[in-house]
$ cat final_38.txt   # compact mmCIF, C-alpha atoms
# COMPACT_ATOMS: atom_id res chain seq x y z
CA MET A 2 0.00 0.00 0.00
CA ASP A 3 2.81 2.41 0.86
CA LYS A 4 4.33 1.77 -2.53
CA ILE A 5 1.04 2.53 -4.25
CA LEU A 6 0.62 5.67 -2.16
CA GLY A 7 4.11 6.72 -3.15
CA LEU A 8 3.33 6.26 -6.83
CA ILE A 9 0.12 8.24 -6.59
CA THR A 10 1.77 11.05 -4.66
CA LYS A 11 4.64 11.24 -7.10
CA GLU A 12 2.26 11.52 -10.05
CA ILE A 13 0.24 14.20 -8.29
CA HIS A 14 3.37 16.22 -7.51
CA GLY A 15 4.30 16.15 -11.19
CA PHE A 16 0.77 16.95 -12.22
CA ASN A 17 0.46 19.85 -9.78
CA LYS A 18 3.03 21.77 -11.77
CA THR A 19 0.49 22.02 -14.59
CA LEU A 20 -2.45 23.13 -12.47
CA ASP A 21 -3.48 26.67 -11.57
CA THR A 22 -4.79 25.33 -8.25
CA PRO A 23 -2.58 22.40 -7.23
CA ILE A 24 -4.01 19.44 -5.37
CA ASN A 25 -3.24 19.95 -1.70
CA LEU A 26 -1.38 16.94 -0.31
CA ASP A 27 -0.91 18.29 3.22
CA LYS A 28 -3.43 15.83 4.62
CA GLY A 29 -1.57 12.81 3.32
CA LYS A 30 -3.97 9.92 2.69
CA GLU A 31 -6.96 12.15 3.51
CA SER A 32 -6.00 14.72 0.85
CA VAL A 33 -9.01 15.35 -1.36
CA LEU A 34 -8.57 14.23 -4.92
CA PHE A 35 -11.82 14.37 -6.84
CA GLY A 36 -15.34 15.09 -5.71
CA ARG A 37 -17.50 17.77 -4.17
CA ASP A 38 -14.68 19.29 -2.12
CA SER A 39 -12.19 19.17 -4.94
CA ASN A 40 -11.03 21.89 -7.31
CA LEU A 41 -10.02 19.36 -9.92
CA GLN A 42 -11.95 19.63 -13.16
CA SER A 43 -12.97 16.66 -15.31
CA ILE A 44 -10.38 17.31 -17.98
CA ASP A 45 -7.56 17.40 -15.41
CA PHE A 46 -8.94 14.34 -13.71
CA VAL A 47 -8.79 12.43 -17.00
CA SER A 48 -5.12 13.26 -17.41
CA LEU A 49 -4.21 12.52 -13.80
CA ILE A 50 -5.94 9.15 -13.78
CA ALA A 51 -4.23 8.20 -17.05
CA SER A 52 -0.81 9.05 -15.61
CA ILE A 53 -1.49 7.14 -12.38
CA GLU A 54 -2.69 4.11 -14.36
CA GLN A 55 0.49 4.23 -16.43
CA ALA A 56 2.73 4.59 -13.38
CA VAL A 57 1.08 1.65 -11.61
CA SER A 58 1.12 -0.46 -14.79
CA ASP A 59 4.82 0.25 -15.29
CA GLU A 60 5.63 -0.60 -11.68
CA TYR A 61 3.60 -3.80 -11.40
CA GLY A 62 3.81 -4.96 -15.00
CA LYS A 63 0.03 -5.24 -15.28
CA GLU A 64 -2.39 -3.30 -17.41
CA LEU A 65 -4.67 -1.29 -15.20
CA SER A 66 -7.82 0.64 -15.76
CA LEU A 67 -9.30 2.49 -12.84
CA VAL A 68 -12.40 3.76 -14.57
CA ASP A 69 -14.79 0.92 -15.05
CA ALA A 70 -18.24 -0.29 -14.16
CA ARG A 71 -17.09 -1.17 -10.66
CA ALA A 72 -15.78 2.34 -9.98
CA MET A 73 -19.03 3.85 -11.25
CA SER A 74 -21.16 1.58 -9.10
CA GLN A 75 -19.41 2.21 -5.80
CA LYS A 76 -21.41 4.11 -3.24
CA ASN A 77 -18.36 6.09 -2.19
CA SER A 78 -16.16 7.11 -5.05
CA PRO A 79 -12.73 5.48 -4.87
CA PHE A 80 -11.30 8.71 -6.23
CA ARG A 81 -12.39 10.98 -3.43
CA THR A 82 -9.05 10.96 -1.54
CA VAL A 83 -5.49 9.86 -2.14
CA GLY A 84 -5.96 7.09 0.42
CA SER A 85 -9.22 5.78 -1.08
CA LEU A 86 -7.59 5.65 -4.50
CA ALA A 87 -4.60 3.74 -3.13
CA GLU A 88 -6.93 1.22 -1.47
CA TYR A 89 -8.88 0.81 -4.67
CA ILE A 90 -5.75 0.21 -6.72
CA ASN A 91 -4.54 -2.26 -4.10
CA GLU A 92 -7.83 -4.20 -4.39
CA ILE A 93 -7.61 -4.34 -8.16
CA LEU A 94 -4.02 -5.51 -8.12
CA LYS A 95 -4.79 -8.25 -5.58
CA GLU A 96 -7.64 -9.57 -7.72
CA ASP A 97 -5.49 -9.86 -10.78
CA MET B 13 -32.37 28.19 -52.47
CA GLU B 14 -34.29 25.27 -53.89
CA ASP B 15 -31.75 22.63 -54.76
CA ILE B 16 -28.17 21.59 -54.04
CA SER B 17 -27.36 21.76 -57.74
CA GLU B 18 -27.32 25.55 -57.35
CA ILE B 19 -24.26 25.26 -55.10
CA LYS B 20 -22.48 22.94 -57.51
CA GLU B 21 -23.23 25.23 -60.45
CA ALA B 22 -21.94 28.24 -58.51
CA ILE B 23 -18.71 26.40 -57.66
CA THR B 24 -18.17 25.40 -61.29
CA TRP B 25 -18.81 28.93 -62.50
CA VAL B 26 -16.50 30.55 -59.90
CA LYS B 27 -13.66 28.14 -60.70
CA GLU B 28 -13.78 29.34 -64.28
CA CYS B 29 -13.25 32.94 -63.17
CA GLY B 30 -9.63 32.56 -62.11
CA ASP B 31 -6.69 30.32 -61.36
CA GLU B 32 -6.81 30.28 -57.58
CA TRP B 33 -9.36 28.78 -55.24
CA TYR B 34 -10.56 30.12 -51.93
CA THR B 35 -13.30 28.41 -50.01
CA ASN B 36 -14.35 27.43 -46.53
CA TYR B 37 -17.17 25.17 -47.69
CA TYR B 38 -16.62 21.57 -46.59
CA ILE B 39 -20.21 20.61 -45.97
CA SER B 40 -21.50 17.22 -47.02
CA ASP B 41 -24.38 17.06 -49.51
CA ILE B 42 -26.55 15.35 -46.90
CA VAL B 43 -26.14 18.22 -44.46
CA ALA B 44 -26.54 20.90 -47.14
CA LYS B 45 -29.75 19.27 -48.38
CA GLN B 46 -31.15 19.37 -44.86
CA TRP B 47 -30.34 23.07 -44.58
CA ILE B 48 -32.04 23.73 -47.92
CA LYS B 49 -35.06 21.73 -46.85
CA ASN B 50 -35.25 23.80 -43.66
CA GLY B 51 -35.10 27.00 -45.70
CA GLN B 52 -31.86 28.04 -44.02
CA LEU B 53 -29.63 28.57 -47.05
CA LYS B 54 -29.37 31.60 -49.30
CA ILE B 55 -27.00 31.85 -52.26
CA LEU B 56 -25.53 35.11 -53.52
CA ILE B 57 -23.52 35.38 -56.69
CA GLY B 58 -20.98 38.17 -57.04
CA GLU B 59 -18.79 39.18 -59.96
CA ASN B 60 -16.09 36.60 -59.42
CA ALA B 61 -17.26 34.97 -56.23
CA ALA B 62 -20.24 33.22 -54.72
CA PHE B 63 -21.47 33.07 -51.16
CA LEU B 64 -23.78 30.95 -49.10
CA LEU B 65 -25.49 32.33 -46.04
CA ARG B 66 -26.78 29.82 -43.57
CA GLN B 67 -29.32 31.53 -41.38
CA LYS B 68 -29.20 30.92 -37.67
CA GLN B 69 -31.43 32.63 -35.13
CA SER B 70 -29.61 35.90 -34.72
CA PHE B 71 -26.87 35.81 -37.36
CA SER B 72 -25.75 34.04 -40.53
CA LEU B 73 -22.82 31.76 -41.15
CA LEU B 74 -20.95 32.70 -44.29
CA TYR B 75 -19.41 30.31 -46.81
CA TYR B 76 -17.38 31.71 -49.68
CA PHE B 77 -16.12 30.57 -53.05
CA ALA B 78 -13.67 32.73 -55.00
CA ALA B 79 -11.06 32.20 -57.69
CA SER B 80 -8.90 35.18 -56.71
CA ASP B 81 -8.34 37.35 -53.66
CA GLU B 82 -9.54 40.39 -55.61
CA GLY B 83 -12.73 38.53 -56.48
CA LEU B 84 -13.27 37.59 -52.85
CA PHE B 85 -12.70 41.15 -51.66
CA ALA B 86 -15.01 42.70 -54.25
CA GLY B 87 -17.65 40.05 -53.68
CA MET B 88 -17.56 40.53 -49.92
CA ARG B 89 -17.85 44.31 -50.22
CA ALA B 90 -20.95 43.89 -52.36
CA LEU B 91 -22.41 41.28 -50.01
CA ILE B 92 -22.00 43.52 -46.98
CA ASN B 93 -23.95 46.24 -48.77
CA GLU B 94 -26.73 43.81 -49.64
CA THR B 95 -27.14 42.28 -46.19
CA THR B 96 -27.86 43.64 -42.74
CA GLU B 97 -27.42 40.68 -40.42
CA THR B 98 -24.45 39.81 -38.27
CA LEU B 99 -22.10 37.51 -40.13
CA SER B 100 -19.70 34.86 -38.92
CA VAL B 101 -17.12 33.17 -41.14
CA ASP B 102 -14.62 30.38 -40.57
CA VAL B 103 -11.29 30.76 -42.33
CA LEU B 104 -9.28 27.56 -42.33
CA HIS B 105 -5.57 27.70 -43.07
CA LYS B 106 -2.23 26.23 -42.14
CA ASN B 107 -0.81 27.86 -39.05
CA ASP B 108 2.33 29.09 -40.66
CA ASP B 109 0.96 30.52 -43.85
CA ASP B 110 0.37 34.12 -44.72
CA ASN B 111 -3.36 34.19 -44.26
CA LYS B 112 -4.53 36.27 -47.24
CA VAL B 113 -8.19 35.49 -46.70
CA GLY B 114 -8.08 36.58 -43.07
CA LYS B 115 -6.56 39.88 -44.12
CA ILE B 116 -9.36 40.40 -46.62
CA PHE B 117 -12.01 39.92 -43.98
CA ARG B 118 -10.22 42.21 -41.55
CA ASN B 119 -9.88 44.89 -44.23
CA ILE B 120 -13.61 44.76 -44.89
CA GLY B 121 -14.41 45.27 -41.23
CA PHE B 122 -14.62 41.79 -39.69
CA ASP B 123 -12.99 41.20 -36.32
CA LYS B 124 -11.26 37.99 -35.39
CA ARG B 125 -13.31 36.43 -32.63
CA ILE B 126 -11.45 33.23 -31.86
CA LYS B 127 -8.87 30.87 -33.21
CA LEU B 128 -9.24 27.11 -33.01
CA TYR B 129 -6.52 24.52 -33.41
CA ARG B 130 -7.10 21.10 -34.85
CA MET B 131 -5.43 18.31 -32.93
CA ARG B 132 -4.79 14.79 -34.09
CA LYS B 133 -4.00 11.46 -32.52
CA GLY B 134 -3.06 8.26 -34.32
CA LYS B 135 -4.32 4.82 -33.45
CA SER B 136 -4.58 4.37 -29.71
CA SER B 137 -4.33 1.34 -27.56
CA ILE B 138 -7.16 1.07 -25.13
CA SER B 139 -7.53 -0.76 -21.90
CA LYS B 140 -9.69 -3.83 -21.69
CA ALA B 141 -11.52 -2.65 -18.60
CA LYS B 142 -15.13 -3.63 -18.26
CA LEU B 143 -16.90 -0.34 -18.78
CA PRO B 144 -20.52 0.42 -18.02
CA LYS B 145 -22.85 -0.46 -20.89
CA VAL B 146 -22.84 2.19 -23.59
CA CYS B 147 -26.00 4.23 -23.66
CA TYR B 148 -26.83 5.93 -26.95
CA ALA B 149 -28.78 9.17 -26.93
CA LYS B 150 -32.43 8.99 -27.94
CA ARG B 151 -34.35 11.60 -29.91
CA ASP B 152 -35.96 12.79 -26.70
CA ASP B 153 -32.51 13.78 -25.45
CA ALA B 154 -31.92 16.19 -28.35
CA GLU B 155 -33.36 19.22 -26.57
CA ILE B 156 -31.31 18.86 -23.44
CA ILE B 157 -28.19 18.29 -25.52
CA GLU B 158 -28.96 21.45 -27.48
CA THR B 159 -29.42 23.38 -24.22
CA MET B 160 -26.14 22.09 -22.80
CA LEU B 161 -24.31 23.12 -25.97
CA SER B 162 -25.89 26.58 -25.99
CA ASN B 163 -24.96 27.14 -22.35
CA GLU B 164 -21.36 26.14 -22.92
CA PHE B 165 -20.29 27.42 -26.31
CA ASP B 166 -20.24 30.73 -28.15
CA GLU B 167 -23.06 30.48 -30.67
CA LEU B 168 -21.51 33.07 -32.93
CA CYS B 169 -18.25 31.27 -33.53
CA GLU B 170 -18.39 27.68 -32.39
CA GLN B 171 -20.96 26.39 -34.87
CA ILE B 172 -23.37 25.00 -32.33
CA PRO B 173 -25.47 22.42 -34.16
CA ASP B 174 -29.18 22.99 -34.38
CA ILE B 175 -31.79 20.52 -33.18
CA ASP B 176 -32.10 18.80 -36.58
CA GLU B 177 -28.39 18.16 -36.75
CA ILE B 178 -28.41 16.80 -33.21
CA LYS B 179 -31.32 14.48 -34.04
CA SER B 180 -29.54 13.29 -37.16
CA ALA B 181 -26.43 12.53 -35.11
CA ILE B 182 -28.57 10.65 -32.61
CA ASP B 183 -30.19 8.63 -35.40
CA ASN B 184 -26.68 7.77 -36.64
CA ARG B 185 -25.63 6.65 -33.13
CA GLN B 186 -22.94 9.30 -32.89
CA ILE B 187 -23.87 10.52 -29.42
CA ILE B 188 -23.49 8.51 -26.22
CA ILE B 189 -24.74 9.72 -22.86
CA LEU B 190 -24.71 9.19 -19.15
CA GLU B 191 -27.75 10.01 -17.06
CA ASP B 192 -28.57 10.75 -13.48
CA ASP B 193 -32.23 10.45 -12.46
CA ASN B 194 -33.18 9.89 -16.10
CA ARG B 195 -31.61 13.18 -17.11
CA VAL B 196 -28.60 13.54 -19.41
CA ILE B 197 -25.68 14.85 -17.37
CA SER B 198 -22.89 14.12 -19.82
CA PHE B 199 -22.58 13.32 -23.50
CA PHE B 200 -19.90 12.58 -26.05
CA TRP B 201 -20.47 13.18 -29.76
CA ALA B 202 -18.04 11.37 -32.01
CA GLU B 203 -18.47 11.40 -35.77
CA ARG B 204 -16.99 8.50 -37.69
CA THR B 205 -15.98 8.61 -41.35
CA GLY B 206 -14.18 5.51 -42.53
CA LYS B 207 -11.20 5.04 -40.26
CA THR B 208 -11.27 8.61 -38.97
CA VAL B 209 -13.10 9.88 -35.93
CA LEU B 210 -13.91 13.49 -35.17
CA TRP B 211 -14.61 14.27 -31.53
CA ARG B 212 -17.20 16.98 -31.96
CA TYR B 213 -18.37 17.60 -28.41
CA TRP B 214 -17.62 16.15 -25.01
CA LEU B 215 -19.60 17.87 -22.33
CA THR B 216 -20.62 17.30 -18.73
CA ASP B 217 -23.20 19.39 -16.89
CA PRO B 218 -21.19 21.89 -14.77
CA LYS B 219 -22.95 20.67 -11.59
CA TYR B 220 -21.36 17.26 -12.08
CA ARG B 221 -17.91 18.18 -13.35
CA SER B 222 -16.08 18.05 -10.06
CA SER B 223 -17.82 15.05 -8.64
CA SER B 224 -18.75 12.64 -11.37
CA LEU B 225 -16.77 10.15 -13.37
CA ALA B 226 -19.21 10.68 -16.20
CA GLY B 227 -16.83 12.54 -18.50
CA LEU B 228 -14.04 10.03 -18.08
CA VAL B 229 -16.32 7.04 -18.52
CA LEU B 230 -17.70 8.44 -21.76
CA LEU B 231 -14.20 9.11 -23.03
CA ARG B 232 -13.18 5.52 -22.38
CA GLN B 233 -16.38 4.26 -23.98
CA VAL B 234 -15.80 6.33 -27.12
CA MET B 235 -12.23 5.09 -27.36
CA ALA B 236 -13.44 1.52 -27.05
CA LEU B 237 -16.19 2.01 -29.64
CA HIS B 238 -13.67 3.38 -32.12
CA GLU B 239 -10.62 1.30 -31.22
CA ASP B 240 -10.16 0.39 -34.87
CA ALA B 241 -9.96 4.01 -36.01
CA MET B 242 -6.61 4.99 -37.47
CA GLN B 243 -6.82 8.61 -36.38
CA THR B 244 -8.87 10.94 -34.25
CA PHE B 245 -9.29 14.68 -34.65
CA LEU B 246 -10.70 17.37 -32.45
CA TRP B 247 -10.84 21.16 -32.46
CA VAL B 248 -9.92 23.24 -29.45
CA ARG B 249 -9.99 26.98 -28.76
CA GLU B 250 -6.62 28.72 -28.72
CA ASP B 251 -7.43 30.33 -25.34
CA ASN B 252 -8.19 26.99 -23.70
CA GLU B 253 -4.65 26.11 -22.67
CA LYS B 254 -5.71 23.70 -19.97
CA VAL B 255 -7.69 21.60 -22.40
CA ILE B 256 -4.92 21.73 -25.02
CA LYS B 257 -2.40 20.44 -22.44
CA ALA B 258 -4.79 17.73 -21.31
CA HIS B 259 -5.26 16.53 -24.87
CA GLU B 260 -1.51 16.62 -25.44
CA LYS B 261 -1.02 14.41 -22.40
CA ASN B 262 -3.51 12.02 -23.98
CA GLY B 263 -1.50 11.76 -27.18
CA PHE B 264 -2.94 14.54 -29.33
CA THR B 265 -0.78 17.08 -31.15
CA LYS B 266 -1.68 20.17 -33.12
CA ASP B 267 -1.59 19.14 -36.74
CA GLY B 268 -1.09 22.60 -38.21
CA LEU B 269 -4.65 23.32 -39.36
CA VAL B 270 -6.19 26.39 -37.82
CA ASP B 271 -9.66 27.91 -37.96
CA ASP B 272 -9.84 31.66 -37.51
CA VAL B 273 -13.40 32.78 -36.91
CA TYR B 274 -14.21 36.31 -38.00
CA CYS B 275 -17.39 38.18 -37.23
CA LEU B 276 -19.08 41.29 -38.50
CA ILE B 277 -21.46 42.32 -35.76
CA ARG B 278 -24.41 44.44 -36.87
$ encode --input "final_38.txt" --output "structure tokens"
Amino acid sequence: MDKILGLITKEIHGFNKTLDTPINLDKGKESVLFGRDSNLQSIDFVSLIASIEQAVSDEYGKELSLVDARAMSQKNSPFRTVGSLAEYINEILKED
Amino acid sequence: MEDISEIKEAITWVKECGDEWYTNYYISDIVAKQWIKNGQLKILIGENAAFLLRQKQSFSLLYYFAASDEGLFAGMRALINETTETLSVDVLHKNDDDNKVGKIFRNIGFDKRIKLYRMRKGKSSISKAKLPKVCYAKRDDAEIIETMLSNEFDELCEQIPDIDEIKSAIDNRQIIILEDDNRVISFFWAERTGKTVLWRYWLTDPKYRSSSLAGLVLLRQVMALHEDAMQTFLWVREDNEKVIKAHEKNGFTKDGLVDDVYCLIR
């Protein structure tokens, strides 16, 4: 999990350089990523998710897609915080 | 105008007037016939040029045909004297060329309103994720799609399609949607011609943009639907740097074609 968190955080740091309002990572795992309390717009979210998918795929040698029917159907979005996203990725990797 | 043959005859006649060719008319016969049927098209013949005016609610879109820059200039001056409505014209050109046509329109009194870049991506690999089932728009969704487009885009210069065009796209299964409470909250309009796809519009209701996966899901669905396409194009406003960068991250590059939109507001 720590490894996954590290990958996500690294991608966000890189991505923040392109944003007018960077994603605030001060709250660690509880840092808001995407959702009602987020400043991230859809178009930025698309790019960020793609880069996280690529980073995780490169690290674990497995193709990964985070946006699927399961993600849509979840009551609480797995993308709402850095921590929830890491947990979600961890689940997917374990299943494969 | 009564018949599409009038356009073809005008084109033939103009081409005989000179050695060059200036036009911004790239409309398919099917679309043009619909406009004629709806009574939206007017043709004007100048000395060495011809023009089509497509009437929208509060302005007209201008299409030109000319065999010389002098012919275009003279024809436009005469047209402005004969018409009173606000006019909008797209001038397509390569980014690095000396845009003669743009200069003509500026000299006659048009102002440049926006510039759009065309971006292109080659064949993409897509993930094999199990996406939600694709939901195609139905005719009943046309009005809400039209409203979403009108709320988002500049009618004068971004060629917002009218309801008939939207319905035709729906009939041709070009528009996919996501709904919340039986209401369209996001749609993606992708037009396929052979092995080429044009992403026309990709829009999510502003209330859902920061909280819904809708936009991203639709994007992935469109990519899956067209995974055999050899290339994808889209147009993006020059002033929308964030969107340009996002598309670049997703493999698109500017391909050199530019659309300058000029308007004469009256």
$ closest_residue --input "final_38.txt" --among "B:Phe264, B:Trp47, B:Trp211, B:Trp25" --to "His238 in chain B" --atoms "only C-alpha atoms"
B:Trp211
$ closest_atom_pairs --input "final_38.txt" --of "chain A" --to "chain B" --cutoff "10 Å" --atoms "all atoms listed in the file" --output "JSON lines"
{"residue": "A:Thr19", "atom": "CA", "partner": "B:Lys254", "partner_atom": "CA", "distance": 8.4}
{"residue": "A:Leu20", "atom": "CA", "partner": "B:Lys254", "partner_atom": "CA", "distance": 8.2}
{"residue": "A:Asp21", "atom": "CA", "partner": "B:Lys254", "partner_atom": "CA", "distance": 9.2}
{"residue": "A:Leu34", "atom": "CA", "partner": "B:Ser222", "partner_atom": "CA", "distance": 9.9}
{"residue": "A:Phe35", "atom": "CA", "partner": "B:Ser223", "partner_atom": "CA", "distance": 6.3}
{"residue": "A:Gly36", "atom": "CA", "partner": "B:Ser223", "partner_atom": "CA", "distance": 3.8}
{"residue": "A:Arg37", "atom": "CA", "partner": "B:Ser223", "partner_atom": "CA", "distance": 5.2}
{"residue": "A:Asp38", "atom": "CA", "partner": "B:Ser222", "partner_atom": "CA", "distance": 8.2}
{"residue": "A:Ser39", "atom": "CA", "partner": "B:Ser222", "partner_atom": "CA", "distance": 6.5}
{"residue": "A:Asn40", "atom": "CA", "partner": "B:Ser222", "partner_atom": "CA", "distance": 6.9}
{"residue": "A:Leu41", "atom": "CA", "partner": "B:Ser222", "partner_atom": "CA", "distance": 6.2}
{"residue": "A:Gln42", "atom": "CA", "partner": "B:Ser222", "partner_atom": "CA", "distance": 5.4}
{"residue": "A:Ser43", "atom": "CA", "partner": "B:Arg221", "partner_atom": "CA", "distance": 5.5}
{"residue": "A:Ile44", "atom": "CA", "partner": "B:Ala258", "partner_atom": "CA", "distance": 6.5}
{"residue": "A:Asp45", "atom": "CA", "partner": "B:Ala258", "partner_atom": "CA", "distance": 6.5}
{"residue": "A:Phe46", "atom": "CA", "partner": "B:Leu228", "partner_atom": "CA", "distance": 8.0}
{"residue": "A:Val47", "atom": "CA", "partner": "B:Leu228", "partner_atom": "CA", "distance": 5.9}
{"residue": "A:Ser48", "atom": "CA", "partner": "B:Ala258", "partner_atom": "CA", "distance": 5.9}
{"residue": "A:Leu49", "atom": "CA", "partner": "B:Ala258", "partner_atom": "CA", "distance": 9.2}
{"residue": "A:Ile50", "atom": "CA", "partner": "B:Leu228", "partner_atom": "CA", "distance": 9.2}
{"residue": "A:Ala51", "atom": "CA", "partner": "B:Asn262", "partner_atom": "CA", "distance": 7.9}
{"residue": "A:Ser52", "atom": "CA", "partner": "B:Lys261", "partner_atom": "CA", "distance": 8.7}
{"residue": "A:Glu64", "atom": "CA", "partner": "B:Ser139", "partner_atom": "CA", "distance": 7.3}
{"residue": "A:Leu65", "atom": "CA", "partner": "B:Ser139", "partner_atom": "CA", "distance": 7.3}
{"residue": "A:Ser66", "atom": "CA", "partner": "B:Ala141", "partner_atom": "CA", "distance": 5.7}
{"residue": "A:Leu67", "atom": "CA", "partner": "B:Ala141", "partner_atom": "CA", "distance": 8.0}
{"residue": "A:Val68", "atom": "CA", "partner": "B:Val229", "partner_atom": "CA", "distance": 6.5}
{"residue": "A:Asp69", "atom": "CA", "partner": "B:Leu143", "partner_atom": "CA", "distance": 4.5}
{"residue": "A:Ala70", "atom": "CA", "partner": "B:Pro144", "partner_atom": "CA", "distance": 4.5}
{"residue": "A:Arg71", "atom": "CA", "partner": "B:Leu143", "partner_atom": "CA", "distance": 8.2}
{"residue": "A:Ala72", "atom": "CA", "partner": "B:Leu225", "partner_atom": "CA", "distance": 8.6}
{"residue": "A:Met73", "atom": "CA", "partner": "B:Leu225", "partner_atom": "CA", "distance": 7.0}
{"residue": "A:Ser74", "atom": "CA", "partner": "B:Pro144", "partner_atom": "CA", "distance": 9.0}
{"residue": "A:Ser78", "atom": "CA", "partner": "B:Ser224", "partner_atom": "CA", "distance": 8.8}
{"residue": "A:Phe80", "atom": "CA", "partner": "B:Leu225", "partner_atom": "CA", "distance": 9.1}
{"residue": "A:Arg81", "atom": "CA", "partner": "B:Ser223", "partner_atom": "CA", "distance": 8.6}
$ atom_distance --input "final_38.txt" --atom1 "CA of Asp192 in chain B" --atom2 "CA of Asp153 in chain B"
13.0 Å
$ residues_near_point --input "final_38.txt" --point "(-36.8, 23.2, -40.6)" --cutoff "12 Å" --atoms "only C-alpha atoms" --output "PyMOL selection string"
chain B and resi 45-53+67-68+174-177
$ atom_distance --input "final_38.txt" --atom1 "CA of Phe245 in chain B" --atom2 "CA of Ser136 in chain B"
12.4 Å
$ residues_near_point --input "final_38.txt" --point "(-21.3, 34.3, -59.1)" --cutoff "10 Å" --atoms "only C-alpha atoms" --output "PyMOL selection string"
chain B and resi 21-27+29+55-63+77-78+83+87
$ closest_residue --input "final_38.txt" --among "B:Ser40, B:Leu64, B:Gln69, B:Lys150" --to "Thr205 in chain B" --atoms "only C-alpha atoms"
B:Ser40
$ residues_around --input "final_38.txt" --residues "Thr35 in chain B" --least-positions-apart "2" --cutoff "9 Å" --atoms "only C-alpha atoms" --output "list of chain:residue names"
B:Trp33, B:Tyr37, B:Tyr38, B:Tyr75, B:Tyr76, B:Phe77, B:Ala78, B:Ala79, B:Val103, B:Leu104
$ closest_residue --input "final_38.txt" --among "B:Ser72, B:Gln171, B:Asn184, B:Asn111" --to "Trp247 in chain B" --atoms "all atoms listed in the file"
B:Gln171
$ residues_around --input "final_38.txt" --residues "Ala202 in chain B" --least-positions-apart "3" --cutoff "10 Å" --atoms "only C-alpha atoms" --output "number ranges by chain"
B: 181, 185-188, 199, 205, 209-214, 234-235, 237-238, 244-246
$ atom_distance --input "final_38.txt" --atom1 "CA of Tyr129 in chain B" --atom2 "CA of Lys266 in chain B"
6.5 Å
$ axis_aligned_box --input "final_38.txt" --around "range 41-55 of chain B" --padding-each-side "8 Å" --output "JSON"
{"center_x": -29.8, "center_y": 23.6, "center_z": -48.0, "size_x": 26.9, "size_y": 32.5, "size_z": 24.6}
$ residues_around --input "final_38.txt" --residues "Glu250 in chain B" --least-positions-apart "2" --cutoff "6 Å" --atoms "only C-alpha atoms" --output "ChimeraX atom specification"
/B:127-128,252
$ residues_around --input "final_38.txt" --residues "Lys124 in chain B" --least-positions-apart "4" --cutoff "9 Å" --atoms "all atoms listed in the file" --output "list in words"
Gly114, Phe117, Arg118, Asp272, Val273, Tyr274 and Cys275 of chain B
$ residues_around --input "final_38.txt" --residues "Ile156 in chain B" --least-positions-apart "3" --cutoff "10 Å" --atoms "all atoms listed in the file" --output "MDAnalysis selection string"
chainID B and resid 152:153 159:162 175 195:197
$ write_last_selection --input "final_38.txt" --atoms "C-alpha atoms" --output "compact mmCIF listing (two decimals), keeping the file's coordinate frame"
# COMPACT_ATOMS: atom_id res chain seq x y z
CA ASP B 152 -35.96 12.79 -26.70
CA ASP B 153 -32.51 13.78 -25.45
CA THR B 159 -29.42 23.38 -24.22
CA MET B 160 -26.14 22.09 -22.80
CA LEU B 161 -24.31 23.12 -25.97
CA SER B 162 -25.89 26.58 -25.99
CA ILE B 175 -31.79 20.52 -33.18
CA ARG B 195 -31.61 13.18 -17.11
CA VAL B 196 -28.60 13.54 -19.41
CA ILE B 197 -25.68 14.85 -17.37
